[in-house]
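File shown here: work_24.csv, holding CSV, C-alpha atoms.
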```
chain,number,residue,atom,x,y,z
A,1,MET,CA,108.6,90.4,85.0
A,2,LYS,CA,107.3,87.9,82.5
A,3,ALA,CA,107.5,90.4,79.6
A,4,ALA,CA,111.1,91.0,80.5
A,5,ARG,CA,111.9,87.3,80.6
A,6,ASP,CA,110.1,86.7,77.3
A,7,ARG,CA,112.5,89.3,75.7
A,8,GLY,CA,115.6,87.5,77.1
A,9,LEU,CA,116.3,90.2,79.8
A,10,ILE,CA,117.7,89.3,83.2
A,11,THR,CA,115.6,90.6,86.1
A,12,ILE,CA,116.9,91.6,89.5
A,13,LEU,CA,114.3,92.2,92.2
A,14,ASP,CA,115.7,95.0,94.5
A,15,ALA,CA,113.7,93.7,97.5
A,16,LYS,CA,116.5,93.9,100.1
A,17,ARG,CA,115.1,90.9,101.9
A,18,GLY,CA,116.6,89.6,105.2
A,19,ASP,CA,114.8,87.2,107.5
A,20,ILE,CA,115.3,83.9,109.3
A,21,GLY,CA,114.6,80.3,108.7
A,22,VAL,CA,111.2,79.3,107.4
A,23,THR,CA,110.4,83.0,106.6
A,24,ALA,CA,113.5,83.3,104.4
A,25,GLU,CA,112.4,80.1,102.5
A,26,HIS,CA,109.0,81.6,101.8
A,27,TYR,CA,110.5,84.9,100.7
A,28,ALA,CA,112.8,82.9,98.3
A,29,ALA,CA,109.8,81.1,96.9
A,30,ALA,CA,108.0,84.5,96.4
A,31,VAL,CA,111.0,86.0,94.7
A,32,PHE,CA,112.0,83.1,92.4
A,33,ASP,CA,109.0,80.9,91.7
A,34,GLY,CA,106.3,81.2,89.1
A,35,GLU,CA,106.2,83.1,85.8
A,36,SER,CA,106.9,86.4,87.5
A,37,GLY,CA,110.0,85.0,89.3
A,38,ALA,CA,113.2,87.1,89.1
A,39,ASP,CA,116.6,85.9,88.1
A,40,ALA,CA,118.3,87.5,91.1
A,41,VAL,CA,117.4,89.4,94.3
A,42,THR,CA,119.1,91.9,96.6
A,43,LEU,CA,119.5,90.8,100.3
A,44,ASN,CA,120.4,92.4,103.6
A,45,GLY,CA,122.9,90.3,105.4
A,46,TYR,CA,122.7,91.8,109.0
A,47,LEU,CA,121.0,88.6,110.2
A,48,GLY,CA,123.9,86.4,109.2
A,49,PRO,CA,124.8,83.8,106.6
A,50,ASP,CA,122.0,81.4,107.5
A,51,THR,CA,119.5,84.0,106.3
A,52,ILE,CA,121.3,84.1,102.9
A,53,LEU,CA,121.4,80.3,102.3
A,54,PRO,CA,117.7,79.8,101.5
A,55,PHE,CA,118.1,82.1,98.5
A,56,LEU,CA,120.9,80.2,96.8
A,57,ARG,CA,119.6,78.2,93.9
A,58,PRO,CA,121.2,76.9,90.7
A,59,GLY,CA,120.8,79.4,87.9
A,60,ARG,CA,119.7,82.3,90.3
A,61,GLY,CA,121.7,85.0,91.9
A,62,VAL,CA,121.8,87.1,95.0
A,63,TYR,CA,123.4,90.5,95.7
A,64,VAL,CA,124.0,91.2,99.4
A,65,LEU,CA,124.1,94.8,100.6
A,66,VAL,CA,127.7,95.5,101.5
A,67,ARG,CA,128.2,99.3,101.1
A,68,THR,CA,125.3,101.5,100.2
A,69,SER,CA,125.4,105.0,98.8
A,70,ASN,CA,123.1,106.9,101.1
A,71,PRO,CA,124.6,109.5,103.5
A,72,GLY,CA,123.6,107.8,106.7
A,73,SER,CA,125.3,104.5,105.8
A,74,ASP,CA,128.7,105.6,107.1
A,75,SER,CA,127.7,105.5,110.7
A,76,ILE,CA,127.0,101.8,110.6
A,77,GLN,CA,128.9,100.3,107.6
A,78,ASN,CA,132.1,102.2,108.1
A,79,ALA,CA,132.5,101.5,111.8
A,80,ALA,CA,135.9,100.0,112.6
A,81,LEU,CA,136.2,96.5,114.0
A,82,ALA,CA,138.5,95.4,116.8
A,83,ALA,CA,139.9,92.7,114.5
A,84,GLY,CA,140.6,95.2,111.6
A,85,GLY,CA,138.4,96.3,108.8
A,86,THR,CA,134.9,97.7,109.1
A,87,VAL,CA,131.4,96.4,109.4
A,88,ALA,CA,131.1,96.5,105.6
A,89,THR,CA,134.2,94.4,105.2
A,90,LEU,CA,132.8,91.9,107.7
A,91,ILE,CA,129.8,91.5,105.4
A,92,ALA,CA,132.1,91.4,102.4
A,93,ASP,CA,134.0,88.5,103.9
A,94,MET,CA,130.7,86.7,104.6
A,95,VAL,CA,129.7,87.2,100.9
A,96,ALA,CA,133.0,86.0,99.6
A,97,ASN,CA,132.9,83.0,101.8
A,98,LEU,CA,129.3,82.1,100.8
A,99,GLY,CA,130.2,82.6,97.2
A,100,LYS,CA,133.2,80.4,97.0
A,101,SER,CA,131.2,77.3,96.3
A,102,ARG,CA,128.7,79.1,94.1
A,103,MET,CA,130.8,79.8,91.0
A,104,GLY,CA,129.0,80.5,87.8
A,105,GLY,CA,130.4,81.1,84.4
A,106,ARG,CA,133.5,83.1,83.5
A,107,GLY,CA,134.9,82.6,87.0
A,108,LEU,CA,132.2,84.8,88.6
A,109,SER,CA,130.2,83.7,91.6
A,110,ASP,CA,126.4,83.8,91.7
A,111,VAL,CA,126.7,85.4,95.2
A,112,GLY,CA,127.2,89.1,94.4
A,113,ALA,CA,127.5,92.3,96.4
A,114,VAL,CA,125.8,95.7,96.3
A,115,VAL,CA,128.5,98.4,96.4
A,116,GLY,CA,127.4,101.9,95.9
A,117,ALA,CA,129.1,104.0,93.3
A,118,THR,CA,129.6,106.9,95.7
A,119,LYS,CA,131.9,105.0,98.0
A,120,SER,CA,134.9,104.6,95.6
A,121,ALA,CA,137.5,105.4,98.3
A,122,GLU,CA,136.7,102.0,99.8
A,123,GLY,CA,136.0,100.3,96.5
A,124,ALA,CA,139.4,98.9,95.8
A,125,ALA,CA,139.6,97.3,99.3
A,126,LEU,CA,136.2,95.7,98.8
A,127,ARG,CA,137.2,94.4,95.4
A,128,ALA,CA,140.3,92.8,97.0
A,129,ARG,CA,138.1,91.0,99.5
A,130,MET,CA,135.6,89.9,96.9
A,131,PRO,CA,137.6,89.1,93.8
A,132,ASP,CA,135.0,86.8,92.2
A,133,GLN,CA,131.8,88.7,93.1
A,134,VAL,CA,129.7,90.6,90.6
A,135,PHE,CA,129.2,94.1,92.1
A,136,LEU,CA,125.8,95.6,91.6
A,137,VAL,CA,126.5,99.3,91.6
A,138,PRO,CA,123.6,101.6,92.1
A,139,GLY,CA,124.0,105.3,92.3
A,140,TYR,CA,125.1,106.1,88.8
A,141,GLY,CA,123.6,109.4,87.7
A,142,VAL,CA,121.0,111.0,90.1
A,143,GLN,CA,122.7,109.7,93.3
A,144,GLY,CA,126.0,111.3,92.4
A,145,GLY,CA,128.3,108.4,91.2
A,146,GLY,CA,130.4,108.8,88.1
A,147,LEU,CA,132.9,106.8,86.1
A,148,GLY,CA,135.8,107.6,88.4
A,149,ASP,CA,133.8,106.0,91.3
A,150,ILE,CA,133.3,102.8,89.3
A,151,LYS,CA,136.8,102.2,88.1
A,152,PRO,CA,138.1,101.0,91.5
A,153,LEU,CA,135.3,98.4,91.6
A,154,VAL,CA,136.3,96.7,88.3
A,155,ARG,CA,137.7,93.2,88.7
A,156,ALA,CA,141.3,92.5,87.8
A,157,ARG,CA,141.4,90.3,84.7
A,158,GLY,CA,144.0,87.7,84.2
A,159,ALA,CA,145.1,87.5,80.6
A,160,GLY,CA,144.1,84.2,79.0
A,161,SER,CA,142.0,83.0,82.0
A,162,ALA,CA,138.4,82.0,81.6
A,163,SER,CA,137.4,85.2,83.3
A,164,ALA,CA,139.6,87.4,81.1
A,165,GLY,CA,136.7,89.5,79.9
A,166,ALA,CA,134.6,89.8,83.0
A,167,LEU,CA,134.6,93.3,84.5
A,168,GLY,CA,132.5,92.1,87.4
A,169,VAL,CA,130.4,95.2,87.7
A,170,LEU,CA,126.7,95.7,86.9
A,171,VAL,CA,126.2,99.5,87.0
A,172,THR,CA,122.6,100.7,87.3
A,173,ALA,CA,120.8,104.0,86.9
A,174,SER,CA,117.2,104.4,87.6
A,175,ARG,CA,115.8,107.9,87.8
A,176,SER,CA,118.4,109.5,85.5
A,177,VAL,CA,117.2,107.3,82.7
A,178,ILE,CA,113.5,106.6,83.4
A,179,TYR,CA,112.7,110.2,84.2
A,180,ALA,CA,115.0,111.7,81.4
A,181,PHE,CA,111.9,113.1,79.7
A,182,GLU,CA,110.9,115.4,82.5
A,183,GLY,CA,110.8,119.0,81.5
A,184,LYS,CA,111.6,118.3,77.9
A,185,ALA,CA,109.6,118.6,74.7
A,186,GLY,CA,108.8,115.6,72.5
A,187,GLY,CA,108.0,112.0,73.1
A,188,TRP,CA,109.3,110.4,76.4
A,189,GLN,CA,110.7,107.4,74.5
A,190,GLY,CA,113.4,109.3,72.7
A,191,HIS,CA,114.6,111.1,75.8
A,192,ILE,CA,114.8,107.8,77.7
A,193,ALA,CA,116.6,106.1,74.9
A,194,ASP,CA,119.1,109.0,74.6
A,195,ALA,CA,119.8,108.8,78.4
A,196,ALA,CA,120.4,105.1,78.2
A,197,ARG,CA,122.8,105.5,75.2
A,198,VAL,CA,124.7,108.3,76.9
A,199,MET,CA,125.2,106.0,80.0
A,200,ARG,CA,126.2,103.1,77.7
A,201,ASP,CA,128.8,105.2,75.9
A,202,GLU,CA,130.2,106.5,79.2
A,203,LEU,CA,130.5,103.0,80.7
A,204,ALA,CA,132.2,101.7,77.5
A,205,ALA,CA,135.3,103.5,78.7
A,206,LEU,CA,135.6,100.8,81.4
A,207,VAL,CA,136.4,98.2,78.7
A,208,GLY,CA,140.0,98.9,77.9
B,1,MET,CA,94.6,93.9,109.4
B,2,LYS,CA,91.3,95.8,109.3
B,3,ALA,CA,89.6,93.1,111.3
B,4,ALA,CA,92.3,93.3,114.0
B,5,ARG,CA,92.0,97.1,114.2
B,6,ASP,CA,88.2,96.9,114.4
B,7,ARG,CA,88.7,94.7,117.5
B,8,GLY,CA,91.0,97.2,119.1
B,9,LEU,CA,94.1,95.1,118.5
B,10,ILE,CA,97.5,96.6,117.8
B,11,THR,CA,99.1,95.3,114.6
B,12,ILE,CA,102.9,95.0,114.0
B,13,LEU,CA,104.0,94.2,110.4
B,14,ASP,CA,107.2,92.0,110.7
B,15,ALA,CA,108.4,93.2,107.3
B,16,LYS,CA,112.0,93.9,108.2
B,17,ARG,CA,112.2,96.8,105.7
B,18,GLY,CA,115.4,98.7,105.1
B,19,ASP,CA,115.9,100.9,102.0
B,20,ILE,CA,117.0,104.4,101.1
B,21,GLY,CA,115.4,107.7,100.5
B,22,VAL,CA,112.3,107.8,98.2
B,23,THR,CA,112.0,104.0,98.3
B,24,ALA,CA,111.8,104.0,102.1
B,25,GLU,CA,109.1,106.7,101.9
B,26,HIS,CA,107.1,104.5,99.6
B,27,TYR,CA,107.6,101.5,101.9
B,28,ALA,CA,106.4,103.6,104.8
B,29,ALA,CA,103.2,104.5,102.9
B,30,ALA,CA,102.6,100.8,102.0
B,31,VAL,CA,103.0,99.8,105.6
B,32,PHE,CA,101.0,102.5,107.4
B,33,ASP,CA,98.5,104.0,104.9
B,34,GLY,CA,95.0,102.8,104.1
B,35,GLU,CA,92.6,100.6,106.0
B,36,SER,CA,95.0,97.7,106.1
B,37,GLY,CA,97.8,99.9,107.6
B,38,ALA,CA,99.7,98.6,110.5
B,39,ASP,CA,100.4,100.3,113.8
B,40,ALA,CA,104.1,99.4,113.8
B,41,VAL,CA,106.7,97.8,111.6
B,42,THR,CA,110.0,96.0,112.0
B,43,LEU,CA,113.0,97.6,110.2
B,44,ASN,CA,116.6,96.6,109.4
B,45,GLY,CA,119.0,99.4,110.3
B,46,TYR,CA,122.1,98.3,108.4
B,47,LEU,CA,121.7,101.1,105.9
B,48,GLY,CA,121.8,103.8,108.7
B,49,PRO,CA,119.6,106.2,110.5
B,50,ASP,CA,118.4,108.1,107.4
B,51,THR,CA,116.6,104.9,106.3
B,52,ILE,CA,114.7,104.7,109.6
B,53,LEU,CA,113.5,108.3,109.6
B,54,PRO,CA,110.8,108.0,106.8
B,55,PHE,CA,109.0,105.4,109.0
B,56,LEU,CA,108.7,107.7,112.1
B,57,ARG,CA,105.1,109.1,112.3
B,58,PRO,CA,103.0,110.3,115.2
B,59,GLY,CA,101.0,107.4,116.6
B,60,ARG,CA,103.0,104.7,114.8
B,61,GLY,CA,105.9,102.7,116.0
B,62,VAL,CA,109.0,101.0,114.6
B,63,TYR,CA,111.1,98.1,115.9
B,64,VAL,CA,114.7,98.1,114.6
B,65,LEU,CA,116.5,94.7,114.4
B,66,VAL,CA,119.2,94.8,117.0
B,67,ARG,CA,120.0,91.2,118.1
B,68,THR,CA,118.2,88.3,116.4
B,69,SER,CA,117.8,84.8,117.7
B,70,ASN,CA,119.0,82.8,114.7
B,71,PRO,CA,122.2,80.8,115.0
B,72,GLY,CA,124.1,82.7,112.2
B,73,SER,CA,123.5,86.1,113.7
B,74,ASP,CA,126.5,85.9,116.0
B,75,SER,CA,129.0,86.2,113.2
B,76,ILE,CA,127.8,89.7,112.3
B,77,GLN,CA,125.9,91.1,115.3
B,78,ASN,CA,128.4,90.0,117.9
B,79,ALA,CA,131.5,91.2,116.1
B,80,ALA,CA,133.6,93.5,118.4
B,81,LEU,CA,134.2,97.1,117.5
B,82,ALA,CA,137.4,99.0,117.8
B,83,ALA,CA,135.7,101.6,119.9
B,84,GLY,CA,134.2,99.0,122.2
B,85,GLY,CA,130.9,97.2,122.1
B,86,THR,CA,129.6,95.1,119.2
B,87,VAL,CA,127.9,95.7,115.9
B,88,ALA,CA,124.6,95.0,117.8
B,89,THR,CA,125.4,97.7,120.4
B,90,LEU,CA,126.2,100.1,117.5
B,91,ILE,CA,122.7,99.6,116.1
B,92,ALA,CA,121.3,99.8,119.7
B,93,ASP,CA,122.9,103.2,120.2
B,94,MET,CA,121.5,104.4,116.9
B,95,VAL,CA,118.0,103.2,118.0
B,96,ALA,CA,118.3,105.0,121.4
B,97,ASN,CA,119.4,108.2,119.7
B,98,LEU,CA,116.6,108.1,117.1
B,99,GLY,CA,114.2,107.4,119.9
B,100,LYS,CA,115.1,110.2,122.3
B,101,SER,CA,112.8,112.7,120.6
B,102,ARG,CA,110.1,110.1,119.9
B,103,MET,CA,108.8,109.5,123.4
B,104,GLY,CA,105.3,108.1,123.7
B,105,GLY,CA,103.3,107.4,126.8
B,106,ARG,CA,104.6,106.0,130.1
B,107,GLY,CA,108.1,107.2,129.4
B,108,LEU,CA,108.5,104.7,126.5
B,109,SER,CA,109.8,105.7,123.0
B,110,ASP,CA,107.9,104.8,119.8
B,111,VAL,CA,111.3,103.7,118.4
B,112,GLY,CA,111.7,100.2,119.7
B,113,ALA,CA,114.2,97.3,119.2
B,114,VAL,CA,114.0,93.7,118.2
B,115,VAL,CA,116.0,91.7,120.7
B,116,GLY,CA,115.7,87.9,120.5
B,117,ALA,CA,114.9,85.9,123.6
B,118,THR,CA,117.7,83.5,123.1
B,119,LYS,CA,120.5,86.1,123.5
B,120,SER,CA,119.9,86.9,127.2
B,121,ALA,CA,123.6,86.9,128.0
B,122,GLU,CA,123.7,90.3,126.2
B,123,GLY,CA,120.2,91.3,127.2
B,124,ALA,CA,121.2,93.4,130.2
B,125,ALA,CA,123.8,95.3,128.3
B,126,LEU,CA,121.3,96.1,125.5
B,127,ARG,CA,118.7,97.2,128.0
B,128,ALA,CA,121.3,99.6,129.6
B,129,ARG,CA,121.9,101.2,126.3
B,130,MET,CA,118.2,101.4,125.4
B,131,PRO,CA,116.5,102.3,128.7
B,132,ASP,CA,113.3,103.8,127.1
B,133,GLN,CA,112.8,101.3,124.2
B,134,VAL,CA,110.1,98.7,124.0
B,135,PHE,CA,111.9,95.4,123.1
B,136,LEU,CA,110.0,93.2,120.7
B,137,VAL,CA,111.2,89.8,121.8
B,138,PRO,CA,110.6,87.0,119.4
B,139,GLY,CA,111.7,83.5,120.0
B,140,TYR,CA,109.6,82.5,122.9
B,141,GLY,CA,108.5,78.9,122.6
B,142,VAL,CA,109.6,77.1,119.4
B,143,GLN,CA,112.8,79.1,118.9
B,144,GLY,CA,114.0,78.1,122.3
B,145,GLY,CA,113.6,81.2,124.5
B,146,GLY,CA,112.2,80.9,128.0
B,147,LEU,CA,111.4,83.2,131.0
B,148,GLY,CA,115.0,83.3,132.2
B,149,ASP,CA,116.0,84.7,128.9
B,150,ILE,CA,113.4,87.5,129.1
B,151,LYS,CA,114.1,88.7,132.6
B,152,PRO,CA,117.3,90.6,131.7
B,153,LEU,CA,115.4,92.5,129.0
B,154,VAL,CA,112.8,93.9,131.4
B,155,ARG,CA,113.1,97.7,132.0
B,156,ALA,CA,114.1,99.1,135.4
B,157,ARG,CA,111.1,100.8,136.9
B,158,GLY,CA,111.5,103.8,139.0
B,159,ALA,CA,109.0,103.8,141.9
B,160,GLY,CA,106.4,106.7,141.5
B,161,SER,CA,107.6,107.7,138.0
B,162,ALA,CA,105.2,107.9,135.1
B,163,SER,CA,106.8,104.7,133.7
B,164,ALA,CA,106.6,102.8,137.0
B,165,GLY,CA,104.5,100.0,135.5
B,166,ALA,CA,106.1,99.7,132.1
B,167,LEU,CA,108.1,96.5,131.6
B,168,GLY,CA,109.2,97.5,128.2
B,169,VAL,CA,109.0,94.1,126.7
B,170,LEU,CA,106.6,92.7,124.1
B,171,VAL,CA,107.1,89.0,124.0
B,172,THR,CA,105.9,87.1,121.0
B,173,ALA,CA,105.3,83.5,120.1
B,174,SER,CA,104.1,82.4,116.8
B,175,ARG,CA,104.4,78.7,115.9
B,176,SER,CA,104.1,77.4,119.5
B,177,VAL,CA,100.7,79.0,119.7
B,178,ILE,CA,99.2,79.0,116.2
B,179,TYR,CA,100.2,75.4,115.6
B,180,ALA,CA,99.4,74.1,119.1
B,181,PHE,CA,96.7,71.9,117.7
B,182,GLU,CA,99.0,69.8,115.5
B,183,GLY,CA,98.9,66.1,116.4
B,184,LYS,CA,96.2,66.6,119.0
B,185,ALA,CA,92.6,65.5,119.0
B,186,GLY,CA,89.7,67.9,119.2
B,187,GLY,CA,89.0,71.4,117.8
B,188,TRP,CA,92.0,73.6,117.0
B,189,GLN,CA,90.5,76.6,118.7
B,190,GLY,CA,90.8,75.0,122.2
B,191,HIS,CA,94.4,74.0,121.8
B,192,ILE,CA,95.4,77.4,120.5
B,193,ALA,CA,93.6,79.1,123.4
B,194,ASP,CA,95.2,76.8,125.9
B,195,ALA,CA,98.7,77.5,124.5
B,196,ALA,CA,98.1,81.3,124.6
B,197,ARG,CA,96.9,81.0,128.2
B,198,VAL,CA,99.9,79.0,129.3
B,199,MET,CA,102.2,81.6,127.8
B,200,ARG,CA,100.2,84.4,129.4
B,201,ASP,CA,100.5,82.7,132.8
B,202,GLU,CA,104.2,82.1,132.4
B,203,LEU,CA,104.9,85.7,131.5
B,204,ALA,CA,102.8,87.0,134.4
B,205,ALA,CA,105.8,86.0,136.6
B,206,LEU,CA,107.6,89.0,135.1
B,207,VAL,CA,105.3,91.4,136.8
B,208,GLY,CA,106.5,91.4,140.3
```

Show the structure stored in the file as structure tokens.
Amino acid sequence: MKAARDRGLITILDAKRGDIGVTAEHYAAAVFDGESGADAVTLNGYLGPDTILPFLRPGRGVYVLVRTSNPGSDSIQNAALAAGGTVATLIADMVANLGKSRMGGRGLSDVGAVVGATKSAEGAALRARMPDQVFLVPGYGVQGGGLGDIKPLVRARGAGSASAGALGVLVTASRSVIYAFEGKAGGWQGHIADAARVMRDELAALVG
Amino acid sequence: MKAARDRGLITILDAKRGDIGVTAEHYAAAVFDGESGADAVTLNGYLGPDTILPFLRPGRGVYVLVRTSNPGSDSIQNAALAAGGTVATLIADMVANLGKSRMGGRGLSDVGAVVGATKSAEGAALRARMPDQVFLVPGYGVQGGGLGDIKPLVRARGAGSASAGALGVLVTASRSVIYAFEGKAGGWQGHIADAARVMRDELAALVG
């Protein structure tokens, strides 16, 4: 973590924490404090907004799990609510509400959302509910998500506004990049670099 | 953890884990394997049943967060579903379903549920949906739960059945016991022992 920070990289700890009161405060300290502290952390919001608050700090970010890309997530996150929407949109509204007073640069909030790349059918609806959130989008590559799944998640950009250039998506790939050398001849560094460049070039199509 | 096991105590790691696929498998190994491995772990089920499965092992237990005792939990867990019930009962049904094939001794499943002591109004409904689950009940003492909040969570016991004696509740207190010495004269050991005995005697009233 320190080596990444020394190189000017942003670090996100994908710890999916979610706990109450004093425990959440201790988790926040463990995540953010010290020279191995992260810039942001992923959180599970099932326990409610008071379990998110201890992680909100100036200059740090959180990404709350809204819609995940694993097959079993549908049975919980996609359940319909009596008041309309789904369990996922209930969490999305909580995130948008918590994030309103936590606006960072370029019109983006420092309270973000995890929205899997393989759930693009719901992506546009989630973006409409969370216009100012950065979406952390796992699932690109190995988990099955592609460019067409990410486009609905991109933020609408008002011409001339402070946020004109902000796509609002942070697309991640893990295994498809870090294990790109497997079964291939030659040094691992080149294969990983190639995989990262391919992903960068593919995602460049989002900037239109 | 090893010291507790050497004394014949059961250990439950309140780690509230919840992650997908290969990550869940690694978390399960970290929780259960080695000489510091726990007997059971608490889990967050928001990501769905496939994120619980990697933690199911013979001789080990899980407790899935169903209804927590913090004030902010209502806004998520108590939201009404279009199909009836709440988000909490949706998780409860998932727990009961996962636990059907995981029956341990005395007619109890090794897939349990976390149900806070301060939500007794819903306790009876949750017990009806999860008849064979052990309920891990935090919130006794400092967090405000009392004996009247726990009674609705106790399992109905069929006379003469293998599970006739199983209450199905595991009531925990943390701060009210381990900090019982604060502001009092004399050795801390005595105050902690006294607080534990008071709790034991209060809970004995559940066995009728």

**Message:** Residues of chain B were defined as contacting chain A if any atom lay at most 6 Å from it, counting all atoms listed in the file; please report them as a PyMOL selection string.
**Reply:** chain B and resi 47-50+72-73+76+80-82

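By all atoms listed in the file, and with residues fewer than 4 positions from segment 173-182 of chain A along its chain excluded, the set lying at most 8 Å from it is Pro138, Gly139, Tyr140, Gly141, Val142, Gly187, Trp188, Gln189, His191, Ile192, Ala193, Ala195 and Ala196 of chain A.
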
**Prompt:** If you count all atoms listed in the file, which residues fall within 7 Å of Leu136 of chain A, apart from same-chain ones fewer than 6 positions away, as JSON, numbers by chain?
**Reply:** {"A": [63, 113, 114, 115, 169, 170, 171]}

Requested write-out: C-alpha atoms of the selected residues, as a CSV table (one decimal), in the frame of the given file:
```csv
chain,number,residue,atom,x,y,z
A,63,TYR,CA,123.4,90.5,95.7
A,113,ALA,CA,127.5,92.3,96.4
A,114,VAL,CA,125.8,95.7,96.3
A,115,VAL,CA,128.5,98.4,96.4
A,169,VAL,CA,130.4,95.2,87.7
A,170,LEU,CA,126.7,95.7,86.9
A,171,VAL,CA,126.2,99.5,87.0
```

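In this comparison, which uses all atoms listed in the file, the residue of A:Asn78, A:Leu126, A:Leu147, A:Gly186 approaching Asp201 of chain A most closely is A:Leu147.
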
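Going from atom CA of Ala166 of chain B over to atom CA of Ser36 of chain B, you cover 28.3 Å.
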
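The space separating atom CA of Gly148 of chain B from atom CA of Leu13 of chain B comes to 26.7 Å.
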
**Message:** Quick check, in Å to one decimal: how far apart do atom CA of Arg127 of chain B and atom CA of Gly107 of chain B lie?
**Reply:** 14.6 Å

Near Ala28 of chain B, within 10 Å and counting only C-alpha atoms, which residues show up once chain neighbours fewer than 3 positions away are dropped, as a short mmCIF file (atom, residue, chain, number, x, y, z; two decimals) with C-alpha atoms, keeping the file's coordinate frame?
```
data_model
loop_
_atom_site.label_atom_id
_atom_site.label_comp_id
_atom_site.auth_asym_id
_atom_site.auth_seq_id
_atom_site.Cartn_x
_atom_site.Cartn_y
_atom_site.Cartn_z
CA ARG B 17 112.20 96.80 105.70
CA VAL B 22 112.30 107.80 98.20
CA THR B 23 112.00 104.00 98.30
CA ALA B 24 111.80 104.00 102.10
CA GLU B 25 109.10 106.70 101.90
CA VAL B 31 103.00 99.80 105.60
CA PHE B 32 101.00 102.50 107.40
CA ASP B 33 98.50 104.00 104.90
CA GLY B 37 97.80 99.90 107.60
CA VAL B 41 106.70 97.80 111.60
CA ILE B 52 114.70 104.70 109.60
CA LEU B 53 113.50 108.30 109.60
CA PRO B 54 110.80 108.00 106.80
CA PHE B 55 109.00 105.40 109.00
CA LEU B 56 108.70 107.70 112.10
CA ARG B 57 105.10 109.10 112.30
#
```
